[in-house]
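The structure file entry.cif is reproduced below (mmCIF, C-alpha atoms).
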```cif
data_target
#
loop_
_atom_site.label_atom_id
_atom_site.label_comp_id
_atom_site.auth_asym_id
_atom_site.auth_seq_id
_atom_site.Cartn_x
_atom_site.Cartn_y
_atom_site.Cartn_z
CA MET A 1 20.60 56.69 57.68
CA LEU A 2 23.22 53.97 57.76
CA PHE A 3 23.22 53.71 53.96
CA SER A 4 23.84 57.46 53.63
CA PHE A 5 26.77 57.30 56.04
CA VAL A 6 28.35 54.41 54.15
CA TYR A 7 27.87 56.26 50.87
CA LEU A 8 29.60 59.39 52.20
CA VAL A 9 32.53 57.35 53.45
CA PHE A 10 32.88 55.66 50.07
CA VAL A 11 32.88 58.99 48.22
CA SER A 12 35.53 60.43 50.58
CA LEU A 13 37.82 57.49 49.94
CA LEU A 14 37.49 57.94 46.18
CA ARG A 15 38.41 61.64 46.49
CA LEU A 16 41.48 60.79 48.48
CA LEU A 17 42.60 58.32 45.85
CA ILE A 18 42.08 60.78 43.03
CA GLY A 19 43.62 63.65 44.92
CA SER A 20 46.82 61.72 45.55
CA GLY A 21 47.77 62.41 41.95
CA ARG A 22 48.55 58.84 40.93
CA PRO A 23 47.44 58.38 37.29
CA ALA A 24 47.34 54.58 37.56
CA ARG A 25 44.69 54.69 40.23
CA VAL A 26 42.62 57.12 38.21
CA LYS A 27 42.77 54.68 35.31
CA ASP A 28 41.67 51.84 37.57
CA ILE A 29 38.69 53.81 38.76
CA GLU A 30 37.82 54.63 35.17
CA LEU A 31 37.93 50.94 34.27
CA ILE A 32 35.74 50.10 37.23
CA VAL A 33 33.18 52.66 36.07
CA LEU A 34 33.24 51.33 32.51
CA ARG A 35 32.78 47.75 33.66
CA HIS A 36 29.87 48.75 35.83
CA GLN A 37 28.26 50.55 32.91
CA LEU A 38 28.71 47.48 30.76
CA ASP A 39 26.98 45.38 33.39
CA VAL A 40 24.06 47.82 33.41
CA LEU A 41 23.85 47.73 29.61
CA ARG A 42 23.90 43.94 29.56
CA ARG A 43 20.86 43.88 31.78
CA GLN A 44 18.97 46.06 29.30
CA VAL A 45 20.15 44.83 25.88
CA GLU A 46 19.51 41.40 24.40
CA ARG A 47 22.25 39.06 23.34
CA PRO A 48 24.33 40.91 20.73
CA ARG A 49 24.93 39.46 17.27
CA LEU A 50 28.62 39.21 16.52
CA ARG A 51 30.12 39.21 13.06
CA SER A 52 33.08 37.13 11.99
CA SER A 53 35.45 40.08 12.44
CA ASP A 54 34.15 40.66 15.98
CA ARG A 55 34.70 37.04 16.86
CA ALA A 56 38.26 37.08 15.51
CA PHE A 57 39.13 40.28 17.41
CA LEU A 58 37.70 39.07 20.73
CA ALA A 59 39.41 35.69 20.36
CA ALA A 60 42.80 37.30 19.63
CA VAL A 61 42.57 39.93 22.43
CA GLY A 62 41.24 37.37 24.90
CA ARG A 63 44.46 35.37 24.54
CA LEU A 64 46.57 38.44 25.50
CA LEU A 65 44.62 39.30 28.64
CA PRO A 66 45.61 37.62 31.88
CA PRO A 67 43.07 35.12 33.26
CA ALA A 68 41.95 37.51 36.01
CA ARG A 69 41.06 40.22 33.45
CA ARG A 70 38.98 38.07 31.11
CA HIS A 71 35.75 38.33 33.09
CA GLY A 72 34.75 41.53 31.33
CA LEU A 73 34.48 39.94 27.89
CA LEU A 74 31.09 39.53 26.22
CA VAL A 75 31.65 35.84 25.61
CA THR A 76 32.52 32.88 27.78
CA PRO A 77 35.48 30.50 27.36
CA GLN A 78 33.07 27.84 26.06
CA THR A 79 32.01 30.21 23.29
CA LEU A 80 35.61 30.85 22.27
CA LEU A 81 36.28 27.12 22.10
CA ARG A 82 33.17 26.60 20.00
CA TRP A 83 34.32 29.28 17.55
CA HIS A 84 37.66 27.56 17.27
CA ARG A 85 36.03 24.17 16.59
CA GLU A 86 33.94 25.71 13.83
CA LEU A 87 37.04 27.15 12.18
CA VAL A 88 38.76 23.77 12.34
CA ARG A 89 35.70 22.01 10.93
CA ARG A 90 35.54 24.40 7.98
CA ARG A 91 39.17 23.75 7.18
CA TRP A 92 38.91 19.97 7.54
CA THR A 93 37.38 19.05 4.16
CA PHE A 94 38.07 15.32 4.20
CA THR A 95 34.98 13.12 4.41
CA ARG A 96 35.04 10.76 7.31
CA ARG A 97 32.94 7.63 7.43
CA GLY A 98 31.28 6.83 10.68
CA PRO A 99 31.98 3.64 12.60
CA GLY A 100 30.24 0.42 11.66
CA ARG A 101 28.66 -0.74 8.41
CA PRO A 102 27.36 1.76 5.86
CA PRO A 103 23.63 2.47 6.22
CA ILE A 104 21.10 0.62 4.08
CA PRO A 105 19.45 2.90 1.46
CA ALA A 106 15.81 3.74 1.99
CA GLU A 107 14.78 2.06 -1.27
CA THR A 108 16.44 -1.20 -0.20
CA ARG A 109 14.68 -1.09 3.17
CA GLU A 110 11.31 -0.58 1.49
CA LEU A 111 12.03 -3.49 -0.87
CA VAL A 112 12.87 -5.79 2.04
CA LEU A 113 9.62 -4.92 3.83
CA ARG A 114 7.66 -5.31 0.60
CA LEU A 115 9.01 -8.81 -0.02
CA ALA A 116 8.26 -9.79 3.58
CA ARG A 117 4.67 -8.50 3.45
CA GLU A 118 3.88 -9.98 0.04
CA ASN A 119 5.42 -13.39 0.88
CA GLN A 120 4.41 -14.36 4.39
CA ARG A 121 6.21 -17.74 4.23
CA TRP A 122 9.62 -16.36 3.22
CA GLY A 123 12.35 -16.39 5.87
CA TYR A 124 15.45 -14.20 6.20
CA GLN A 125 17.61 -16.38 3.99
CA ARG A 126 14.91 -16.55 1.30
CA ILE A 127 14.49 -12.78 1.21
CA ALA A 128 18.26 -12.21 1.17
CA GLY A 129 18.60 -14.66 -1.72
CA GLU A 130 15.83 -12.93 -3.67
CA LEU A 131 17.52 -9.58 -3.14
CA ALA A 132 20.84 -11.00 -4.33
CA LYS A 133 19.12 -12.22 -7.47
CA LEU A 134 17.80 -8.70 -8.06
CA GLY A 135 21.27 -7.18 -7.57
CA PHE A 136 21.01 -6.00 -3.93
CA SER A 137 23.72 -7.10 -1.49
CA VAL A 138 21.98 -7.45 1.88
CA SER A 139 22.92 -10.02 4.51
CA PRO A 140 20.29 -12.17 6.25
CA SER A 141 21.14 -10.56 9.61
CA THR A 142 20.40 -7.14 8.14
CA VAL A 143 17.10 -8.43 6.77
CA ARG A 144 16.26 -9.79 10.21
CA ARG A 145 17.06 -6.46 11.86
CA LEU A 146 14.96 -4.49 9.35
CA LEU A 147 11.98 -6.80 9.82
CA ALA A 148 12.28 -6.62 13.60
CA CYS A 149 12.33 -2.80 13.49
CA ALA A 150 9.19 -2.87 11.33
CA GLY A 151 7.39 -5.23 13.70
CA LEU A 152 7.53 -8.25 11.36
CA GLY A 153 8.59 -11.48 13.03
CA PRO A 154 9.98 -14.69 11.53
CA ALA A 155 8.11 -16.35 8.70
CA PRO A 156 6.21 -19.00 10.73
CA ARG A 157 4.95 -16.37 13.19
CA ARG A 158 3.90 -13.67 10.77
CA SER A 159 0.25 -12.97 10.14
CA GLY A 160 -1.27 -15.16 7.45
CA PRO A 161 -2.93 -14.03 4.23
CA SER A 162 -6.03 -11.88 4.31
CA TRP A 163 -9.47 -13.24 3.45
CA ARG A 164 -9.25 -11.60 0.03
CA GLU A 165 -5.90 -13.27 -0.72
CA PHE A 166 -7.07 -16.62 0.67
CA LEU A 167 -10.30 -16.66 -1.34
CA ARG A 168 -8.53 -15.50 -4.49
CA ALA A 169 -6.05 -18.36 -4.21
CA GLN A 170 -8.81 -20.89 -3.58
CA ALA A 171 -11.00 -19.56 -6.39
CA ALA A 172 -8.57 -20.87 -9.01
CA SER A 173 -9.80 -24.41 -8.36
CA ILE A 174 -13.51 -23.82 -7.61
CA VAL A 175 -16.52 -24.04 -9.93
CA ALA A 176 -20.08 -23.18 -8.89
CA CYS A 177 -23.31 -24.31 -10.54
CA ASP A 178 -26.96 -23.46 -10.11
CA PHE A 179 -30.36 -23.33 -11.79
CA PHE A 180 -32.43 -20.32 -12.72
CA THR A 181 -35.86 -20.17 -14.31
CA VAL A 182 -37.14 -18.26 -17.34
CA GLU A 183 -40.81 -17.63 -18.13
CA THR A 184 -41.76 -17.60 -21.80
CA ALA A 185 -44.36 -15.41 -23.49
CA PHE A 186 -46.83 -18.30 -23.22
CA LEU A 187 -46.19 -18.68 -19.46
CA ARG A 188 -44.13 -21.81 -19.79
CA ARG A 189 -41.23 -22.24 -17.39
CA TYR A 190 -37.79 -23.44 -18.39
CA TYR A 191 -34.91 -24.36 -16.09
CA VAL A 192 -31.39 -23.33 -17.11
CA LEU A 193 -28.33 -25.07 -15.66
CA PHE A 194 -24.99 -23.24 -15.79
CA PHE A 195 -21.48 -23.49 -14.35
CA ILE A 196 -19.22 -20.52 -13.50
CA GLU A 197 -15.49 -20.52 -12.78
CA LEU A 198 -14.81 -18.43 -9.69
CA LYS A 199 -11.35 -17.26 -10.75
CA SER A 200 -11.96 -16.25 -14.36
CA ARG A 201 -15.76 -15.64 -14.07
CA ARG A 202 -16.16 -17.66 -17.26
CA VAL A 203 -19.66 -19.13 -17.67
CA HIS A 204 -20.54 -22.52 -19.21
CA LEU A 205 -24.18 -23.01 -20.16
CA ALA A 206 -25.10 -26.68 -19.68
CA GLY A 207 -28.58 -26.49 -21.19
CA SER A 208 -32.23 -25.72 -20.55
CA THR A 209 -35.28 -27.93 -20.14
CA ALA A 210 -38.86 -27.77 -18.97
CA HIS A 211 -38.49 -30.97 -16.92
CA PRO A 212 -35.10 -31.10 -15.12
CA SER A 213 -35.05 -34.75 -14.15
CA GLY A 214 -32.15 -36.48 -12.46
CA HIS A 215 -31.17 -38.27 -15.66
CA TRP A 216 -31.01 -34.97 -17.57
CA VAL A 217 -28.86 -33.30 -14.89
CA VAL A 218 -26.42 -36.24 -14.84
CA GLN A 219 -26.13 -36.11 -18.63
CA GLN A 220 -25.21 -32.41 -18.48
CA ALA A 221 -22.51 -33.18 -15.90
CA ARG A 222 -21.07 -35.83 -18.21
CA ASN A 223 -21.08 -33.44 -21.16
CA LEU A 224 -19.13 -30.93 -19.10
CA SER A 225 -16.54 -33.51 -18.02
CA PHE A 226 -16.13 -34.72 -21.61
CA SER A 227 -15.51 -31.18 -22.87
CA ALA A 228 -12.36 -30.90 -20.67
CA ALA A 229 -13.74 -27.67 -19.18
CA LEU A 230 -12.98 -28.82 -15.64
CA GLY A 231 -9.21 -28.60 -16.05
CA ASP A 232 -7.60 -28.10 -12.62
CA VAL A 233 -10.92 -27.81 -10.80
CA ARG A 234 -10.85 -29.41 -7.36
CA PHE A 235 -14.12 -28.20 -5.81
CA LEU A 236 -17.71 -27.85 -7.02
CA ILE A 237 -20.24 -25.74 -5.13
CA HIS A 238 -24.02 -26.13 -5.46
CA ASP A 239 -27.04 -25.86 -3.23
CA ARG A 240 -29.16 -28.67 -1.79
CA ASP A 241 -31.72 -28.68 -4.59
CA SER A 242 -33.30 -32.09 -5.10
CA LYS A 243 -32.48 -31.88 -8.82
CA PHE A 244 -28.80 -32.46 -7.96
CA VAL A 245 -29.03 -36.19 -7.42
CA ALA A 246 -26.31 -38.41 -6.00
CA SER A 247 -25.24 -39.62 -9.44
CA PHE A 248 -24.65 -35.99 -10.45
CA ASP A 249 -22.11 -35.62 -7.66
CA GLU A 250 -20.59 -39.00 -8.49
CA VAL A 251 -19.70 -37.80 -12.01
CA PHE A 252 -17.51 -35.05 -10.55
CA ARG A 253 -16.04 -37.26 -7.83
CA SER A 254 -14.85 -39.64 -10.53
CA GLU A 255 -12.91 -36.69 -12.00
CA GLY A 256 -11.24 -35.96 -8.65
CA VAL A 257 -13.54 -33.03 -7.82
CA ARG A 258 -14.90 -32.63 -4.30
CA VAL A 259 -18.52 -31.53 -4.08
CA ILE A 260 -19.38 -28.91 -1.43
CA LEU A 261 -23.01 -28.29 -0.51
CA THR A 262 -24.13 -24.85 0.65
CA PRO A 263 -26.14 -24.47 3.88
CA PHE A 264 -29.93 -24.55 3.80
CA ARG A 265 -31.59 -21.36 2.52
CA ALA A 266 -28.27 -19.54 2.19
CA PRO A 267 -28.02 -18.15 -1.37
CA GLN A 268 -25.14 -15.89 -0.29
CA ALA A 269 -23.01 -19.03 0.08
CA ASN A 270 -23.16 -19.35 -3.72
CA ALA A 271 -22.80 -15.62 -4.37
CA TYR A 272 -20.92 -15.85 -7.69
CA ALA A 273 -23.64 -17.91 -9.32
CA GLU A 274 -26.38 -15.69 -7.90
CA ARG A 275 -24.58 -12.62 -9.24
CA PHE A 276 -24.50 -14.07 -12.76
CA VAL A 277 -28.23 -14.78 -12.60
CA ARG A 278 -28.91 -11.20 -11.63
CA THR A 279 -26.68 -9.89 -14.43
CA ALA A 280 -28.35 -12.14 -17.02
CA ARG A 281 -31.80 -10.96 -15.98
CA ALA A 282 -30.95 -7.26 -15.69
CA GLU A 283 -29.02 -7.00 -18.97
CA CYS A 284 -30.80 -9.51 -21.17
CA LEU A 285 -33.78 -11.64 -20.08
CA ASP A 286 -35.85 -8.85 -18.49
CA TRP A 287 -35.84 -6.97 -21.83
CA LEU A 288 -36.90 -9.83 -24.13
CA LEU A 289 -39.98 -12.01 -24.62
CA ILE A 290 -38.83 -15.61 -24.88
CA VAL A 291 -41.01 -17.66 -27.24
CA ASN A 292 -39.78 -21.22 -26.81
CA ARG A 293 -36.82 -23.33 -25.72
CA ARG A 294 -34.98 -22.89 -29.00
CA HIS A 295 -35.28 -19.11 -28.71
CA LEU A 296 -34.05 -19.28 -25.11
CA GLN A 297 -31.01 -21.36 -26.11
CA ARG A 298 -30.05 -18.86 -28.80
CA VAL A 299 -30.47 -15.80 -26.54
CA LEU A 300 -28.49 -17.33 -23.68
CA GLY A 301 -25.76 -18.48 -26.09
CA VAL A 302 -25.30 -14.95 -27.42
CA PHE A 303 -25.34 -13.44 -23.94
CA ALA A 304 -22.86 -16.01 -22.59
CA ASP A 305 -20.49 -15.25 -25.48
CA HIS A 306 -20.81 -11.52 -24.73
CA TYR A 307 -20.33 -12.16 -21.00
CA ASN A 308 -17.18 -14.23 -21.55
CA SER A 309 -15.53 -12.25 -24.34
CA HIS A 310 -16.58 -8.60 -24.20
CA ARG A 311 -18.24 -7.58 -20.94
CA PRO A 312 -15.79 -5.97 -18.45
CA HIS A 313 -15.75 -7.27 -14.88
CA ARG A 314 -14.90 -5.25 -11.79
CA SER A 315 -13.18 -8.21 -10.12
CA LEU A 316 -10.91 -8.65 -13.18
CA ASN A 317 -9.71 -5.03 -13.33
CA LEU A 318 -12.43 -4.16 -15.86
CA THR A 319 -11.37 -6.78 -18.39
CA PRO A 320 -13.43 -9.62 -19.91
CA PRO A 321 -12.87 -13.13 -18.53
CA GLY A 322 -12.27 -14.80 -21.88
CA PRO A 323 -8.68 -15.81 -22.71
CA THR A 324 -9.03 -14.40 -26.25
CA ALA A 325 -10.14 -10.98 -25.02
CA PRO A 326 -7.61 -8.16 -25.36
CA LYS A 327 -5.94 -7.39 -22.02
CA LEU A 328 -3.97 -4.29 -23.08
CA ARG A 329 -5.57 -0.87 -23.10
CA VAL A 330 -4.86 0.87 -26.38
CA MET A 331 -5.25 4.63 -26.57
CA CYS A 332 -7.36 5.61 -29.56
CA SER A 333 -6.65 8.91 -31.25
CA SER A 334 -10.27 9.65 -32.24
CA ALA A 335 -13.76 8.25 -31.73
CA ALA A 336 -14.06 7.64 -35.48
CA GLY A 337 -11.81 4.60 -35.17
CA ILE A 338 -14.29 2.64 -33.01
CA ASP A 339 -16.81 0.18 -34.47
CA ARG A 340 -20.03 -0.96 -32.83
CA ARG A 341 -21.58 -4.40 -33.17
CA ASP A 342 -25.24 -4.89 -32.29
CA ARG A 343 -26.35 -8.22 -30.87
CA LEU A 344 -29.81 -9.54 -29.98
CA GLY A 345 -31.46 -6.90 -32.14
CA GLY A 346 -29.50 -4.01 -30.66
CA LEU A 347 -30.09 -4.94 -26.99
CA ILE A 348 -26.36 -5.50 -26.50
CA HIS A 349 -23.67 -3.27 -28.01
CA GLU A 350 -20.08 -4.43 -28.41
CA TYR A 351 -17.35 -1.90 -29.27
CA SER A 352 -13.97 -2.59 -30.82
CA LEU A 353 -11.19 -0.74 -32.62
CA ALA A 354 -11.57 -0.51 -36.37
CA ALA A 355 -9.23 -2.71 -38.38
#
```
What does this structure look like when you write it as structure tokens?
Amino acid sequence: MLFSFVYLVFVSLLRLLIGSGRPARVKDIELIVLRHQLDVLRRQVERPRLRSSDRAFLAAVGRLLPPARRHGLLVTPQTLLRWHRELVRRRWTFTRRGPGRPPIPAETRELVLRLARENQRWGYQRIAGELAKLGFSVSPSTVRRLLACAGLGPAPRRSGPSWREFLRAQAASIVACDFFTVETAFLRRYYVLFFIELKSRRVHLAGSTAHPSGHWVVQQARNLSFSAALGDVRFLIHDRDSKFVASFDEVFRSEGVRVILTPFRAPQANAYAERFVRTARAECLDWLLIVNRRHLQRVLGVFADHYNSHRPHRSLNLTPPGPTAPKLRVMCSSAAGIDRRDRLGGLIHEYSLAA
């Protein structure tokens, strides 16, 4: 009831204003109605998409309206200022460098981290000097910041080498030796002594005998030392077999080689030698009948030459261990250009490019 009374009073006042005949007031009422309609439409329609011409028109007209009349515009003052900043930014075509030093390229950052990870003992100055030698201008403080962001601390406090890297570095100066037995066709047993270099996987056959006495083992150690096959060897690994007498170890100690004994009943401690024995049996000895010692010497000599010069090894990136073996992979145009060489009566095949 009260709302109806107020509504009737409001309508009567509007009629009096219109009936007075003043055109200005009629225009004001018309503007009020239009603004109210716009408010209703805004509540129903989503945010309109304005074109560049619409933005220019609203910005120009908005400057002419007095501040009290600008509330009916579709945009806010912040929007008009943003449009103006965009126009200025489009016109300002000069490139401006940000404050501070120029950023380090991504390739340079990756190179810094790579040098730090591959060389655990290198400090900031060492890495910066290596980069300068390669043509990259990076200061030690920048290297320090990049390593800190990557979680790599100073050189003394970085993590050490992995077990693979440690063992690979130690293998360059280690030689292992062991015995393995071969049964002949007449059920006679022969003992074969061999040495294997852990880094190159190169095998040295010392000899074979039916009675491996201490004197015979010492003589084989002397023959190996006289042949200059030890080179830079610093360690010799063998098990605790009684055939390795004290004088055998003394021959290597006189050459500056330290003898390391494996634990009791632990063949995995001499894994490289055990692996060669398995390879020799699986690829050669298990497929032949050995007649006598002379036959055994010849067969093992041929297999050792094949093992050192032609057989690929997984640990050597599928290349033979011999220094004379070809290390480069040559693409052959056709299979007709490949020759095969049969050894041990065709038991072993060796392939090479035709001359």
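For Leu289 (chain A), the residues within 9 Å (counting only C-alpha atoms, excluding itself and residues fewer than 4 positions away along the chain) are Glu183, Thr184, Ala185 and Leu285 of chain A.
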Using the chain letters and numbers from this file, what does the PyMOL selection byres ((chain A and resi 299) around 12) select? Give the answer as a PyMOL selection string. chain A and resi 182+205+208+280-281+283-298+300-306+343-345+347-348
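Atom to atom, CA of Gly151 (chain A) and CA of Ala116 (chain A) stand 11.1 Å apart.
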Near-Tyr307 (chain A) list (8 Å; all atoms listed in the file; drop same-chain fewer than 3 positions) as a ChimeraX atom specification: /A:202-203,303-304,310-311,320-321
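You will find CA of Asn270 (chain A) at 19.6 Å from CA of Gly207 (chain A).
For the atom pair formed by CA of Leu198 (chain A) and CA of Ala171 (chain A), the distance is 5.2 Å, given to one decimal.
Among A:Cys149, A:Val277, A:Ile338, A:Val112, the residue with the shortest atom-to-atom distance to Phe180 (chain A), counting only C-alpha atoms, is A:Val277.
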Hits of the PyMOL selection byres ((chain A and resi 244) around 10) in this structure, as a PyMOL selection string: chain A and resi 178+212-215+217-218+238-243+245-249
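If only C-alpha atoms are the atoms counted, then among A:Leu353, A:Leu193, A:Leu115, A:Val233 the closest residue to Gln219 (chain A) is A:Leu193.
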